[in-house]
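See below for the structure under consideration.
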Amino acid sequence: MATSVEIMNPSTEVLETAVTSVFQPGKLAIEFHISMMAKGDTEDIAAAAEVTDWLTKGLPSVLPKGVEPNLSKLALAGHSRGGHTAFSLVLEHGKTNLKFSALIGLDPVAGTSKFLQISPKILTYEPSSFDIPMPILVIGTGLGEEKKNILFPPCAPKDVNHKEFYHECKPPCYYFVTKDYGHLDMLDDDAPKFMTCMCKDGNNCKDMMRKTVAGIMVAFLKAVLNEEDGDLRVILKDPKLAPTTLDPVEHRLA
């Protein structure tokens, strides 16, 4: 079932209905790998580059029969410190044979504070300083900066989280914040409790958070890879279409 909103077109005074179905479940399912022990970020960047180069020969062998990959339209995404890894890779702190066409940071984190960035230190605190020649989507969480309790620091600390990543992106770039959710609320419900207990979480249904994040990603990728920007424009026009509250919502095209 699609979600719709009525939009008045001032030039024609015709009532239009904008529809998006990106927040509904799709035909395919995925499983996320959760690493319990973090490696050094240099190793993570090298591993991401290695997997990227594997795609040319390795990906066709694991795809269903009749499905052909189009590696000329390749997107890279990462969550938390993995977002820092993704940004670092496209900033050429790692080398790949393939080129990326789009970049997504899911509540990216670059350290514990402005003065304790993880290596490589990619944040410059200058606007539009990332030399990244592709469309970028940054999705943040409203509760990531808050502590779960007095024992644990924030999982997405101020000055090294989604706000600064977006601040340093060049156009075209898009920014959505899931206001009432925390840093790990996009994980599956059966994620290890000793991990999720460290981060401030929201009180609402986590499935709504996952649908929101997935829908925004689908809309963004359809727009920048397939030139089908209808869903993305609808969400930007009326963020209330999303299953969760999105605030702020911003984008820069030039």
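Letters A, B, ... go to the chains of the structure tokens in the order shown; residues in each chain start at 1; ligands are counted from 1 in the same order.
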Name the residues in contact with A:Pro248 at a cut-off of 12 Å, using only C-alpha atoms, excluding same-chain residues fewer than 3 positions from it; report them as a ChimeraX atom specification. /A:138-142,162-163,166,174-180,236,238-240,245,251
List the neighbours of A:Ala46 out to 9 Å using only C-alpha atoms; skip same-chain residues closer than 2 positions along the sequence, and give me the result as a ChimeraX atom specification. /A:41-44,48-51,89,93-95
Write a file of the selected residues as a PDB file, in the first residue's frame, keeping N, CA and C atoms.
```
ATOM      1  N   ASP A  41      40.854   1.173  11.813  1.00  0.00           N
ATOM      2  CA  ASP A  41      40.134   1.689  10.662  1.00  0.00           C
ATOM      3  C   ASP A  41      40.921   1.547   9.380  1.00  0.00           C
ATOM      4  N   THR A  42      42.237   1.566   9.472  1.00  0.00           N
ATOM      5  CA  THR A  42      43.057   1.343   8.285  1.00  0.00           C
ATOM      6  C   THR A  42      42.788  -0.031   7.702  1.00  0.00           C
ATOM      7  N   GLU A  43      42.643  -1.029   8.571  1.00  0.00           N
ATOM      8  CA  GLU A  43      42.316  -2.377   8.115  1.00  0.00           C
ATOM      9  C   GLU A  43      40.921  -2.438   7.517  1.00  0.00           C
ATOM     10  N   ASP A  44      39.987  -1.724   8.114  1.00  0.00           N
ATOM     11  CA  ASP A  44      38.616  -1.710   7.594  1.00  0.00           C
ATOM     12  C   ASP A  44      38.558  -1.087   6.202  1.00  0.00           C
ATOM     13  N   ALA A  48      37.398  -2.978   2.819  1.00  0.00           N
ATOM     14  CA  ALA A  48      36.339  -2.467   1.953  1.00  0.00           C
ATOM     15  C   ALA A  48      36.820  -2.336   0.514  1.00  0.00           C
ATOM     16  N   ALA A  49      38.056  -1.885   0.338  1.00  0.00           N
ATOM     17  CA  ALA A  49      38.627  -1.778  -1.001  1.00  0.00           C
ATOM     18  C   ALA A  49      38.784  -3.158  -1.641  1.00  0.00           C
ATOM     19  N   GLU A  50      39.192  -4.134  -0.846  1.00  0.00           N
ATOM     20  CA  GLU A  50      39.371  -5.492  -1.362  1.00  0.00           C
ATOM     21  C   GLU A  50      38.045  -6.101  -1.810  1.00  0.00           C
ATOM     22  N   VAL A  51      37.003  -5.894  -1.009  1.00  0.00           N
ATOM     23  CA  VAL A  51      35.677  -6.397  -1.380  1.00  0.00           C
ATOM     24  C   VAL A  51      35.185  -5.717  -2.652  1.00  0.00           C
ATOM     25  N   LEU A  89      37.249   5.811   2.230  1.00  0.00           N
ATOM     26  CA  LEU A  89      37.570   5.090   1.003  1.00  0.00           C
ATOM     27  C   LEU A  89      37.357   5.969  -0.229  1.00  0.00           C
ATOM     28  N   HIS A  93      41.661   7.230   0.726  1.00  0.00           N
ATOM     29  CA  HIS A  93      42.546   6.649   1.736  1.00  0.00           C
ATOM     30  C   HIS A  93      42.685   5.154   1.513  1.00  0.00           C
ATOM     31  N   GLY A  94      42.011   4.659   0.497  1.00  0.00           N
ATOM     32  CA  GLY A  94      42.150   3.301   0.006  1.00  0.00           C
ATOM     33  C   GLY A  94      42.000   3.344  -1.500  1.00  0.00           C
ATOM     34  N   LYS A  95      42.549   2.363  -2.189  1.00  0.00           N
ATOM     35  CA  LYS A  95      42.525   2.349  -3.647  1.00  0.00           C
ATOM     36  C   LYS A  95      41.653   1.207  -4.156  1.00  0.00           C
TER      37      LYS A  95
END
```
Stretch 17-143 of chain A: residues DSSP assigns to alpha helix (DSSP H), reported as a count of residues only: 30
Rounded to one decimal place, report the atom CA of A:Glu168-atom CA of A:Ala254 distance in Å. 13.8 Å
Which residue gives the smallest distance to A:Pro153 among A:Cys199, A:Leu71, A:Ile122, A:Leu253, with only C-alpha atoms counted?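 Closest to A:Pro153 of all the choices is A:Cys199.
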Pull the strand (DSSP E) assignments for stretch 15-215 of chain A out of DSSP run on the backbone, and list those residues as a ChimeraX atom specification. /A:15-20,75-79,102-106,136-141,173-178
Residues as selected, C-alpha atoms, written as a PDB file, in the first residue's frame, can you do that?
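Just written: selection.pdb:
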```
ATOM      1  CA  LEU A  15      -4.594  19.160  -7.154  1.00  0.00           C
ATOM      2  CA  GLU A  16      -1.906  16.511  -7.607  1.00  0.00           C
ATOM      3  CA  THR A  17      -1.410  13.345  -5.589  1.00  0.00           C
ATOM      4  CA  ALA A  18       2.203  12.496  -4.831  1.00  0.00           C
ATOM      5  CA  VAL A  19       2.723   8.825  -4.020  1.00  0.00           C
ATOM      6  CA  THR A  20       5.688   6.898  -2.704  1.00  0.00           C
ATOM      7  CA  ALA A  75      27.054   2.845  -4.280  1.00  0.00           C
ATOM      8  CA  LEU A  76      28.928   2.621  -0.982  1.00  0.00           C
ATOM      9  CA  ALA A  77      27.275   2.802   2.450  1.00  0.00           C
ATOM     10  CA  GLY A  78      28.437   2.480   6.032  1.00  0.00           C
ATOM     11  CA  HIS A  79      26.921   2.765   9.518  1.00  0.00           C
ATOM     12  CA  ALA A 102      26.960   7.426  -4.749  1.00  0.00           C
ATOM     13  CA  LEU A 103      27.840   7.507  -1.042  1.00  0.00           C
ATOM     14  CA  ILE A 104      25.631   6.924   2.026  1.00  0.00           C
ATOM     15  CA  GLY A 105      26.567   7.586   5.651  1.00  0.00           C
ATOM     16  CA  LEU A 106      24.212   6.031   8.230  1.00  0.00           C
ATOM     17  CA  ILE A 136      25.899  11.934  -0.874  1.00  0.00           C
ATOM     18  CA  LEU A 137      23.165  10.939   1.563  1.00  0.00           C
ATOM     19  CA  VAL A 138      23.647  11.369   5.320  1.00  0.00           C
ATOM     20  CA  ILE A 139      21.087   9.921   7.731  1.00  0.00           C
ATOM     21  CA  GLY A 140      21.475  10.789  11.406  1.00  0.00           C
ATOM     22  CA  THR A 141      19.724   9.984  14.672  1.00  0.00           C
ATOM     23  CA  CYS A 173      23.924  16.151  -0.793  1.00  0.00           C
ATOM     24  CA  TYR A 174      20.909  15.157   1.281  1.00  0.00           C
ATOM     25  CA  TYR A 175      20.386  15.076   5.041  1.00  0.00           C
ATOM     26  CA  PHE A 176      17.688  13.404   7.129  1.00  0.00           C
ATOM     27  CA  VAL A 177      17.597  12.934  10.911  1.00  0.00           C
ATOM     28  CA  THR A 178      15.335  10.376  12.591  1.00  0.00           C
TER      29      THR A 178
END
```
Between A:Leu143, A:Leu225, A:Met134, A:Val62, smallest distance to A:Asn203 by only C-alpha atoms belongs to A:Leu143
Residue neighbourhood A:Phe165, 8 Å, only C-alpha atoms, exclusion window fewer than 4 positions, as a list in words: Pro108, Leu123, Val138, Val160, Asn161 and Cys169 of chain A
